[in-house]
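Participant: Supplied structure: query-v9.tsv, TSV, C-alpha atoms and all ligand atoms.
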chain	number	residue	atom	x	y	z
A	515	MET	CA	25.08	3.38	-5.67
A	516	THR	CA	22.24	0.81	-5.74
A	517	GLU	CA	19.68	1.40	-8.47
A	518	TYR	CA	16.27	0.35	-7.13
A	519	ILE	CA	13.68	-0.90	-9.60
A	520	HIS	CA	9.93	-1.13	-9.15
A	521	VAL	CA	7.84	-2.59	-11.97
A	522	SER	CA	4.42	-0.91	-12.02
A	523	VAL	CA	1.55	-3.38	-11.81
A	524	LEU	CA	-1.39	-3.39	-14.28
A	525	ALA	CA	0.06	-0.26	-15.90
A	526	GLU	CA	-1.73	-0.62	-19.25
A	527	GLU	CA	-5.05	-1.36	-17.57
A	528	VAL	CA	-4.63	1.71	-15.32
A	529	VAL	CA	-4.05	3.98	-18.32
A	530	ASP	CA	-7.00	2.49	-20.23
A	531	LEU	CA	-9.45	2.60	-17.34
A	532	LEU	CA	-8.47	5.79	-15.51
A	533	ILE	CA	-8.17	8.38	-18.26
A	534	THR	CA	-11.51	9.89	-19.18
A	535	GLU	CA	-10.47	13.49	-19.85
A	536	LYS	CA	-7.40	14.11	-21.99
A	537	ASN	CA	-6.60	17.59	-20.67
A	538	GLY	CA	-7.35	16.76	-17.06
A	539	THR	CA	-5.38	16.76	-13.84
A	540	TYR	CA	-5.03	13.37	-12.16
A	541	VAL	CA	-3.74	12.38	-8.76
A	542	ASP	CA	-1.40	9.43	-8.24
A	543	ALA	CA	-1.92	9.06	-4.50
A	544	THR	CA	0.82	6.43	-4.15
A	545	LEU	CA	3.54	7.80	-6.38
A	546	GLY	CA	6.27	5.29	-5.46
A	547	MET	CA	9.00	5.49	-8.08
A	548	GLY	CA	6.62	7.25	-10.44
A	549	GLY	CA	5.99	4.35	-12.84
A	550	HIS	CA	2.22	4.79	-13.12
A	551	THR	CA	2.57	8.57	-13.21
A	552	ALA	CA	5.01	8.33	-16.11
A	553	ARG	CA	2.62	6.02	-17.99
A	554	LEU	CA	-0.31	8.38	-17.41
A	555	LEU	CA	1.68	11.43	-18.52
A	556	ALA	CA	2.92	9.61	-21.62
A	557	ALA	CA	-0.67	8.74	-22.55
A	558	LEU	CA	-1.96	12.30	-21.98
A	559	PRO	CA	-1.39	15.31	-24.23
A	560	PRO	CA	0.91	18.11	-22.92
A	561	GLU	CA	-2.09	19.75	-21.19
A	562	GLY	CA	-2.64	16.65	-19.06
A	563	LYS	CA	-1.11	16.81	-15.57
A	564	VAL	CA	-0.48	14.58	-12.57
A	565	LEU	CA	-0.12	15.39	-8.88
A	566	GLY	CA	1.98	12.59	-7.33
A	567	ILE	CA	1.78	12.00	-3.58
A	568	ASP	CA	3.95	9.76	-1.44
A	569	TRP	CA	4.07	9.52	2.34
A	570	ASP	CA	7.72	8.50	2.24
A	571	PRO	CA	9.99	11.52	1.71
A	572	GLU	CA	12.73	9.27	0.26
A	573	MET	CA	10.32	7.89	-2.32
A	574	ALA	CA	9.08	11.36	-3.26
A	575	GLY	CA	12.72	12.32	-3.90
A	576	VAL	CA	13.40	9.25	-6.07
A	577	ALA	CA	10.24	9.93	-8.12
A	578	ALA	CA	11.10	13.62	-8.53
A	579	ALA	CA	14.41	12.68	-10.17
A	580	LYS	CA	12.78	10.05	-12.42
A	581	LEU	CA	9.96	12.34	-13.54
A	582	LYS	CA	12.12	15.39	-14.30
A	583	PRO	CA	11.68	14.98	-18.09
A	584	PHE	CA	7.95	15.74	-17.67
A	585	GLY	CA	8.74	19.22	-16.34
A	586	ASP	CA	5.82	21.15	-14.86
A	587	ARG	CA	3.26	18.56	-16.01
A	588	VAL	CA	3.96	16.77	-12.75
A	589	LYS	CA	3.82	18.10	-9.21
A	590	ILE	CA	5.19	16.04	-6.36
A	591	ALA	CA	3.96	16.30	-2.79
A	592	GLN	CA	5.09	14.44	0.29
A	593	GLY	CA	2.18	13.48	2.52
A	594	ASN	CA	-0.37	10.90	3.61
A	595	PHE	CA	-3.15	10.40	1.05
A	596	ALA	CA	-5.55	10.32	4.00
A	597	ASN	CA	-5.01	14.12	3.95
A	598	ILE	CA	-5.45	14.45	0.18
A	599	ASP	CA	-7.79	17.44	0.57
A	600	GLU	CA	-5.14	19.43	2.49
A	601	ILE	CA	-2.39	18.39	0.07
A	602	MET	CA	-4.43	19.52	-2.93
A	603	ALA	CA	-5.28	22.83	-1.27
A	604	ARG	CA	-1.56	23.37	-0.57
A	605	GLU	CA	-0.74	22.62	-4.23
A	606	GLY	CA	-3.53	24.92	-5.49
A	607	ILE	CA	-5.49	22.12	-7.22
A	608	SER	CA	-9.26	22.30	-6.77
A	609	SER	CA	-10.61	19.38	-8.83
A	610	LEU	CA	-9.46	16.10	-10.37
A	611	SER	CA	-10.18	14.06	-13.49
A	612	GLY	CA	-9.17	10.83	-11.80
A	613	ALA	CA	-7.37	9.28	-8.83
A	614	LEU	CA	-5.12	6.25	-8.58
A	615	PHE	CA	-4.20	4.35	-5.42
A	616	ASP	CA	-1.64	1.52	-5.86
A	617	LEU	CA	-1.55	0.35	-2.27
A	618	GLY	CA	1.19	-0.98	-0.06
A	619	ILE	CA	4.92	-0.53	-0.34
A	620	SER	CA	7.39	-0.26	-3.18
A	621	SER	CA	10.16	-2.65	-4.16
A	622	LEU	CA	12.61	-0.06	-2.77
A	623	HIS	CA	11.11	-0.58	0.69
A	624	LEU	CA	11.58	-4.33	0.41
A	625	ASP	CA	15.05	-4.16	-1.10
A	626	LYS	CA	16.47	-1.77	1.50
A	627	PRO	CA	17.22	-3.76	4.68
A	628	SER	CA	17.41	-0.59	6.82
A	629	ARG	CA	13.66	0.00	6.32
A	630	GLY	CA	12.90	-3.29	8.08
A	631	PHE	CA	10.10	-4.51	5.78
A	632	SER	CA	11.79	-7.54	4.30
A	633	LEU	CA	11.79	-11.17	5.29
A	634	LYS	CA	14.75	-11.77	3.02
A	635	HIS	CA	17.17	-9.13	4.30
A	636	ASP	CA	17.98	-8.61	7.95
A	637	GLY	CA	17.23	-5.16	9.29
A	638	PRO	CA	15.81	-3.29	12.30
A	639	LEU	CA	12.16	-3.95	13.19
A	640	ASP	CA	11.00	-0.66	11.72
A	641	MET	CA	8.46	-0.90	8.81
A	642	ARG	CA	7.49	2.79	8.81
A	643	ILE	CA	6.55	4.16	5.39
A	644	ASN	CA	7.11	7.63	6.79
A	645	PRO	CA	10.11	7.63	9.17
A	646	ASP	CA	8.47	10.45	11.20
A	647	ASN	CA	5.72	8.04	12.22
A	648	PRO	CA	6.03	7.47	16.00
A	649	LEU	CA	5.00	3.78	15.88
A	650	THR	CA	7.48	1.10	14.74
A	651	ALA	CA	7.27	-2.69	14.46
A	652	TYR	CA	9.80	-2.79	17.34
A	653	THR	CA	7.29	-1.05	19.65
A	654	ILE	CA	4.51	-3.48	18.73
A	655	ILE	CA	6.69	-6.56	19.15
A	656	ASN	CA	8.40	-5.47	22.36
A	657	GLN	CA	5.70	-3.44	24.13
A	658	TRP	CA	2.20	-4.44	23.05
A	659	PRO	CA	0.37	-6.90	25.32
A	660	PHE	CA	-0.20	-10.52	24.26
A	661	GLU	CA	-3.90	-9.99	23.42
A	662	GLN	CA	-3.20	-7.07	21.06
A	663	ILE	CA	-0.38	-8.87	19.19
A	664	GLU	CA	-2.42	-12.07	18.94
A	665	HIS	CA	-5.48	-10.20	17.64
A	666	LEU	CA	-3.48	-8.18	15.12
A	667	ILE	CA	-1.86	-11.19	13.49
A	668	ARG	CA	-5.04	-13.28	13.67
A	669	VAL	CA	-7.13	-10.71	11.78
A	670	CYS	CA	-4.42	-10.64	9.13
A	671	GLY	CA	-5.00	-14.36	8.56
A	672	GLU	CA	-2.32	-16.04	10.72
A	673	ARG	CA	-3.80	-19.27	12.07
A	674	HIS	CA	-0.92	-19.82	14.53
A	675	SER	CA	-1.50	-16.40	16.11
A	676	ARG	CA	-1.60	-17.66	19.72
A	677	ARG	CA	1.54	-19.73	19.33
A	678	ILE	CA	3.44	-16.87	17.68
A	679	ALA	CA	2.26	-14.20	20.15
A	680	ARG	CA	3.17	-16.45	23.08
A	681	ALA	CA	6.67	-17.06	21.66
A	682	ILE	CA	7.18	-13.30	21.15
A	683	LEU	CA	6.28	-12.60	24.77
A	684	GLU	CA	8.55	-15.37	26.05
A	685	ALA	CA	11.47	-14.21	23.92
A	686	ARG	CA	11.20	-10.55	24.90
A	687	ARG	CA	11.24	-11.45	28.60
A	688	VAL	CA	14.87	-12.52	28.03
A	689	LYS	CA	15.84	-9.69	25.66
A	690	PRO	CA	14.04	-7.35	23.25
A	691	LEU	CA	13.61	-8.62	19.69
A	692	ASP	CA	15.61	-6.17	17.60
A	693	THR	CA	15.70	-7.39	14.04
A	694	THR	CA	13.56	-8.84	11.25
A	695	ALA	CA	15.82	-11.93	11.15
A	696	GLU	CA	15.29	-12.60	14.88
A	697	LEU	CA	11.53	-12.33	14.47
A	698	SER	CA	11.31	-14.45	11.35
A	699	ALA	CA	13.59	-17.15	12.86
A	700	LEU	CA	11.41	-17.25	15.99
A	701	ILE	CA	8.25	-17.67	13.88
A	702	GLU	CA	9.88	-20.35	11.75
A	703	ARG	CA	10.74	-22.20	14.94
A	704	VAL	CA	7.27	-22.13	16.54
A	705	ALA	CA	5.13	-22.34	13.37
A	706	PRO	CA	7.26	-24.07	10.74
A	707	ALA	CA	6.06	-24.23	7.14
A	708	ARG	CA	4.18	-27.43	6.31
A	709	GLY	CA	4.03	-27.38	2.56
A	710	GLU	CA	2.68	-23.79	2.32
A	711	LYS	CA	4.10	-21.73	-0.52
A	712	ILE	CA	4.69	-18.66	1.63
A	713	HIS	CA	7.24	-18.14	4.40
A	714	PRO	CA	5.76	-18.86	7.88
A	715	ALA	CA	6.37	-15.24	8.93
A	716	THR	CA	4.70	-13.62	5.89
A	717	LYS	CA	1.35	-12.94	7.55
A	718	THR	CA	2.90	-11.63	10.77
A	719	PHE	CA	5.11	-9.25	8.77
A	720	LEU	CA	2.10	-8.04	6.77
A	721	ALA	CA	0.10	-7.52	9.97
A	722	LEU	CA	2.90	-5.46	11.51
A	723	ARG	CA	3.26	-3.28	8.40
A	724	VAL	CA	-0.48	-2.67	8.24
A	725	ALA	CA	-0.61	-1.68	11.92
A	726	VAL	CA	2.54	0.47	11.92
A	727	ASN	CA	1.24	2.50	8.97
A	728	TYR	CA	-2.50	2.55	9.89
A	729	GLU	CA	-3.05	1.21	6.38
A	730	PHE	CA	-6.78	0.35	6.62
A	731	ASP	CA	-7.60	3.64	8.29
A	732	ASN	CA	-5.62	5.61	5.68
A	733	LEU	CA	-7.37	3.75	2.85
A	734	THR	CA	-10.85	4.48	4.18
A	735	ARG	CA	-10.00	8.12	4.86
A	736	GLY	CA	-8.23	8.52	1.50
A	737	ILE	CA	-11.28	7.32	-0.42
A	738	GLN	CA	-13.67	9.51	1.58
A	739	LYS	CA	-11.49	12.59	1.18
A	740	VAL	CA	-11.00	12.23	-2.58
A	741	LEU	CA	-14.70	11.81	-3.46
A	742	PRO	CA	-15.75	15.48	-3.35
A	743	LEU	CA	-12.61	16.52	-5.25
A	744	LEU	CA	-13.47	14.51	-8.36
A	745	LYS	CA	-15.29	16.03	-11.35
A	746	PRO	CA	-18.35	14.24	-12.81
A	747	GLY	CA	-17.04	11.53	-15.14
A	748	ALA	CA	-13.83	11.14	-13.12
A	749	ARG	CA	-12.77	7.71	-11.95
A	750	ILE	CA	-11.03	6.23	-8.92
A	751	GLY	CA	-8.79	3.21	-9.55
A	752	ILE	CA	-7.47	1.19	-6.63
A	753	ILE	CA	-4.93	-1.63	-6.84
A	754	THR	CA	-4.81	-3.91	-3.80
A	755	PHE	CA	-2.43	-6.75	-2.96
A	756	HIS	CA	-4.23	-8.73	-0.24
A	757	SER	CA	-7.75	-9.78	0.53
A	758	LEU	CA	-8.24	-7.57	3.59
A	759	GLU	CA	-7.68	-4.31	1.71
A	760	ASP	CA	-9.52	-5.60	-1.35
A	761	ARG	CA	-12.53	-6.27	0.87
A	762	ILE	CA	-12.49	-2.64	2.05
A	763	VAL	CA	-12.39	-1.34	-1.54
A	764	LYS	CA	-15.02	-3.78	-2.81
A	765	GLU	CA	-17.44	-2.96	0.01
A	766	THR	CA	-16.86	0.82	-0.16
A	767	PHE	CA	-17.41	0.88	-3.93
A	768	ARG	CA	-20.51	-1.35	-3.57
A	769	ILE	CA	-22.05	1.05	-1.04
A	770	MET	CA	-21.16	4.11	-3.19
A	771	ALA	CA	-22.85	2.56	-6.26
A	772	LYS	CA	-25.91	1.63	-4.19
A	773	MET	CA	-26.26	5.12	-2.70
A	774	GLY	CA	-26.24	6.61	-6.21
A	775	GLY	CA	-23.99	9.11	-7.97
A	776	TRP	CA	-21.36	6.44	-8.70
A	777	GLU	CA	-21.16	3.58	-11.17
A	778	LEU	CA	-18.91	0.53	-10.98
A	779	VAL	CA	-16.61	0.41	-14.02
A	780	THR	CA	-15.24	-3.00	-13.00
A	781	ARG	CA	-17.89	-5.40	-11.63
A	782	LYS	CA	-15.15	-7.98	-11.12
A	783	PRO	CA	-11.60	-6.88	-10.25
A	784	VAL	CA	-9.10	-6.66	-13.10
A	785	LYS	CA	-6.19	-9.06	-12.56
A	786	PRO	CA	-2.79	-9.22	-14.23
A	787	SER	CA	-2.31	-11.56	-17.18
A	788	ASP	CA	-0.19	-14.71	-16.83
A	789	GLU	CA	2.39	-12.94	-18.93
A	790	GLU	CA	2.59	-9.99	-16.53
A	791	ILE	CA	2.87	-12.35	-13.53
A	792	ALA	CA	5.64	-14.30	-15.27
A	793	GLY	CA	7.62	-11.07	-15.61
A	794	ASN	CA	6.78	-9.65	-12.17
A	795	LYS	CA	5.99	-12.03	-9.31
A	796	ARG	CA	4.78	-9.13	-7.13
A	797	ALA	CA	1.83	-8.73	-9.51
A	798	ARG	CA	0.34	-12.15	-8.75
A	799	SER	CA	-2.01	-10.97	-6.00
A	800	ALA	CA	-2.92	-7.60	-7.55
A	801	LYS	CA	-6.55	-6.59	-8.12
A	802	LEU	CA	-7.70	-3.35	-9.73
A	803	ARG	CA	-11.18	-1.96	-9.05
A	804	VAL	CA	-12.50	1.20	-10.72
A	805	ILE	CA	-15.57	3.37	-10.02
A	806	GLU	CA	-16.85	6.46	-11.89
A	807	LYS	CA	-18.56	9.60	-10.61
A	808	LEU	CA	-21.80	10.24	-12.51
A	901	LIG	C1	3.04	-0.04	-4.55
A	901	LIG	S1	3.94	1.43	-4.30
A	901	LIG	C2	3.47	2.43	-5.66
A	901	LIG	C3	4.25	2.19	-6.89
A	901	LIG	C4	3.96	3.16	-8.02
A	901	LIG	N1	2.58	3.05	-8.45
A	901	LIG	C5	4.91	2.97	-9.17
A	901	LIG	O1	4.46	2.66	-10.28
A	901	LIG	O2	6.12	3.14	-8.97
A	901	LIG	C6	3.04	2.21	-3.01
A	901	LIG	C7	3.59	3.54	-2.60
A	901	LIG	O3	2.61	4.19	-1.80
A	901	LIG	C8	3.24	4.85	-0.75
A	901	LIG	N2	2.24	4.96	0.32
A	901	LIG	C9	1.79	3.99	1.14
A	901	LIG	N3	0.85	4.49	1.98
A	901	LIG	C10	0.70	5.79	1.67
A	901	LIG	C11	-0.13	6.82	2.17
A	901	LIG	N4	-0.97	6.61	3.19
A	901	LIG	N5	-0.05	8.05	1.59
A	901	LIG	C12	0.81	8.28	0.55
A	901	LIG	N6	1.64	7.34	0.06
A	901	LIG	C13	1.58	6.10	0.60
A	901	LIG	C14	4.44	4.01	-0.40
A	901	LIG	O4	5.46	4.78	0.19
A	901	LIG	C15	4.85	3.46	-1.79
A	901	LIG	O5	5.85	4.27	-2.35
Mind turning this structure into structure tokens?
Ligand SMILES: C[S@@+](CC[C@H](N)C(=O)[O-])C[C@H]1O[C@@H](n2cnc3c(N)ncnc32)[C@H](O)[C@@H]1O

Facilitator:
Amino acid sequence: MTEYIHVSVLAEEVVDLLITEKNGTYVDATLGMGGHTARLLAALPPEGKVLGIDWDPEMAGVAAAKLKPFGDRVKIAQGNFANIDEIMAREGISSLSGALFDLGISSLHLDKPSRGFSLKHDGPLDMRINPDNPLTAYTIINQWPFEQIEHLIRVCGERHSRRIARAILEARRVKPLDTTAELSALIERVAPARGEKIHPATKTFLALRVAVNYEFDNLTRGIQKVLPLLKPGARIGIITFHSLEDRIVKETFRIMAKMGGWELVTRKPVKPSDEEIAGNKRARSAKLRVIEKL
């Protein structure tokens, strides 16, 4: 059986900046394989608890097995953090001492070809974090009109959006595009790399993932829903991995601080050290922002 590994990003910084109440209950809204949750629980006394949420039922199962040694100090819930209020009500938790969001997908998602997230491994054009989600990357690629595909990949930073969208429409007239390898080969053909460090299909793949999982909408809703659930003194920490989601967090936190009742803990985002990046390439684009309820 394959053992999947996910190295938690900025783990020390999360523990240092998020914990303000030793005996509190915290939410890890993006549980993944439970790395940050384990670090938080290890830093808290036995009274300290964590509610871990993941939208992906498979991930919630993996984390449950990994976090067993913490017994009833950890509760695990499967669900979308955009519904954090309902999840907490279901779990009988009324207030929080802190909330962590470590956005995006886990290494397990990337390493498992059948989930269709990876540029490296061939798999179906899926990309759903929660397999019950009705929308897949296949639907976008094979059914969305040119304008919608072009707009989606352009706003995610792809400068060859027209060329790529046109090639997708031409290809699917002959036969549907079924796999990640077919899509990435097509993009490589029409927009080959010219000295860039990233693969030519990276931005299109990111755009598809964001759209399939309503990632920006979930982020905005997740932040709004968690605010009233936090105690005074509690903090929200959010780790982002690309500029579009970082912009949402930066702007939301700026408005919260301006409106009053909230104070920025990090004026500039916290970034991983060179040492952390050397040990975990995935960390290189991470940014952590933290805000505190007054
Ligand atoms: C970067 S990983 C988290 C890794 C985790 N912090 C760790 O240390 O193992 C992000 C996780 O968030 C989950 N996720 C993404 N969007 C979500 C959402 N809207 N609600 C709940 N979980 C979500 C993904 O399934 C993935 O497992």

Participant: Around ligand LIG 901 (chain A), at most 6 Å away and counting all atoms listed in the file, which residues are there? Put them as a PyMOL selection string, please.

Facilitator: chain A and resi 520+522+543-550+567-570+573+593-596+616-620+643+732

Participant: Given only C-alpha atoms as the basis, pick out the residue of A:Glu806, A:Asp760, A:Asp542, A:Glu672 nearest to Ile712 (chain A).

Facilitator: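 The closest residue to Ile712 (chain A) is A:Glu672.
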
Participant: Where does region 633-747 of chain A meet region 530-539 of chain A within 12 Å, residue by residue, with the nearest atom pair and distance in Å to one decimal for each, counting only C-alpha atoms, listed by chain and rising number, as JSON lines?

Facilitator:
{"residue": "A:Leu743", "atom": "CA", "partner": "A:Thr539", "partner_atom": "CA", "distance": 11.2}
{"residue": "A:Leu744", "atom": "CA", "partner": "A:Thr539", "partner_atom": "CA", "distance": 10.0}
{"residue": "A:Lys745", "atom": "CA", "partner": "A:Gly538", "partner_atom": "CA", "distance": 9.8}
{"residue": "A:Pro746", "atom": "CA", "partner": "A:Thr534", "partner_atom": "CA", "distance": 10.3}
{"residue": "A:Gly747", "atom": "CA", "partner": "A:Thr534", "partner_atom": "CA", "distance": 7.0}

Participant: Which of these residues is nearest to Leu666 (chain A), using all atoms listed in the file: A:Arg796, A:Arg587, A:Arg553, A:Lys717?

Facilitator: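 Ranked by minimum distance to Leu666 (chain A), first place goes to A:Lys717.
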
Participant: Of the residues A:Ala603, A:Ile750, A:Ala695, A:Ala707, which is the one nearest to Pro627 (chain A), using all atoms listed in the file?

Facilitator: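 Closest residue, counting all atoms listed in the file: A:Ala695.
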
Participant: Give me the residues within 9 Å of Ser628 (chain A) as a ChimeraX atom specification, counting all atoms listed in the file and dropping any in the same chain fewer than 4 places off.

Facilitator: /A:623,635-640

Participant: List the neighbours of Ile607 (chain A) out to 12 Å using all atoms listed in the file; skip same-chain residues closer than 3 positions along the sequence, and give me the result as a PyMOL selection string.

Facilitator: chain A and resi 538-541+563-565+589+591+598-604+610-611+743-744

Participant: As a ChimeraX atom specification, please: the residues near Thr780 (chain A) (cut-off 10 Å, only C-alpha atoms, same-chain neighbours under 2 positions excluded).

Facilitator: /A:531,751,777-778,782-784,802-806

Participant: Store the residues picked out above in a file with C-alpha atoms, as a compact mmCIF listing (two decimals), in the frame of the given file.

Facilitator:
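What follows is the written file result_4.txt:
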# COMPACT_ATOMS: atom_id res chain seq x y z
CA LEU A 531 -9.45 2.60 -17.34
CA GLY A 751 -8.79 3.21 -9.55
CA GLU A 777 -21.16 3.58 -11.17
CA LEU A 778 -18.91 0.53 -10.98
CA LYS A 782 -15.15 -7.98 -11.12
CA PRO A 783 -11.60 -6.88 -10.25
CA VAL A 784 -9.10 -6.66 -13.10
CA LEU A 802 -7.70 -3.35 -9.73
CA ARG A 803 -11.18 -1.96 -9.05
CA VAL A 804 -12.50 1.20 -10.72
CA ILE A 805 -15.57 3.37 -10.02
CA GLU A 806 -16.85 6.46 -11.89

Participant: Separation of CA of Leu722 (chain A) and CA of Lys785 (chain A), in Å?

Facilitator: 26.0 Å

Participant: Pick from A:Ala552, A:Ile769, A:Ala721, A:Ala574: nearest to Ile663 (chain A), with all atoms listed in the file counted?

Facilitator: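 Closest residue, counting all atoms listed in the file: A:Ala721.
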
Participant: Using all atoms listed in the file, find all polymer residues with an atom at most 6 Å away from the point (10.3, -11.2, 20.0); report them as a PyMOL selection string.

Facilitator: chain A and resi 655+682+685-686+691+697

Participant: Rounded to one decimal, what separation in Å do you get between CA of Leu700 (chain A) and CA of Arg687 (chain A)?

Facilitator: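 Going from CA of Leu700 (chain A) over to CA of Arg687 (chain A) covers 13.9 Å.
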
Participant: To one decimal place in Å, what is the distance between CA of Met770 (chain A) and CA of Thr551 (chain A)?

Facilitator: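 Atom-to-atom, CA of Met770 (chain A) to CA of Thr551 (chain A), that is 26.1 Å.
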
Participant: With distances taken over all atoms listed in the file, which of A:Arg680, A:Ala556, A:Ile519, A:Arg723 is nearest to Leu622 (chain A)?

Facilitator: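 Smallest distance to Leu622 (chain A) is found for A:Ile519.
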
Participant: Go through A:Ala725, A:Lys801, A:Arg676, A:Leu554 one by one, measure the shortest atom-to-atom distance of each to Thr653 (chain A) using only C-alpha atoms, and give the residue with the smallest value.

Facilitator: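 Answer, going by the shortest atom-to-atom distance: A:Ala725.
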
Participant: List the spatial neighbours of Glu790 (chain A) as a PDB file with C-alpha atoms, in the frame of the given file - criterion: any atom at most 9 Å away, all atoms listed in the file, same-chain residues fewer than 5 positions off excluded.

Facilitator:
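Result saved to selection-v4.pdb:
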ATOM      1  CA  VAL A 523       1.550  -3.380 -11.810  1.00  0.00           C
ATOM      2  CA  LEU A 524      -1.390  -3.390 -14.280  1.00  0.00           C
ATOM      3  CA  LYS A 795       5.990 -12.030  -9.310  1.00  0.00           C
ATOM      4  CA  ALA A 797       1.830  -8.730  -9.510  1.00  0.00           C
ATOM      5  CA  ARG A 798       0.340 -12.150  -8.750  1.00  0.00           C
TER       6      ARG A 798
END
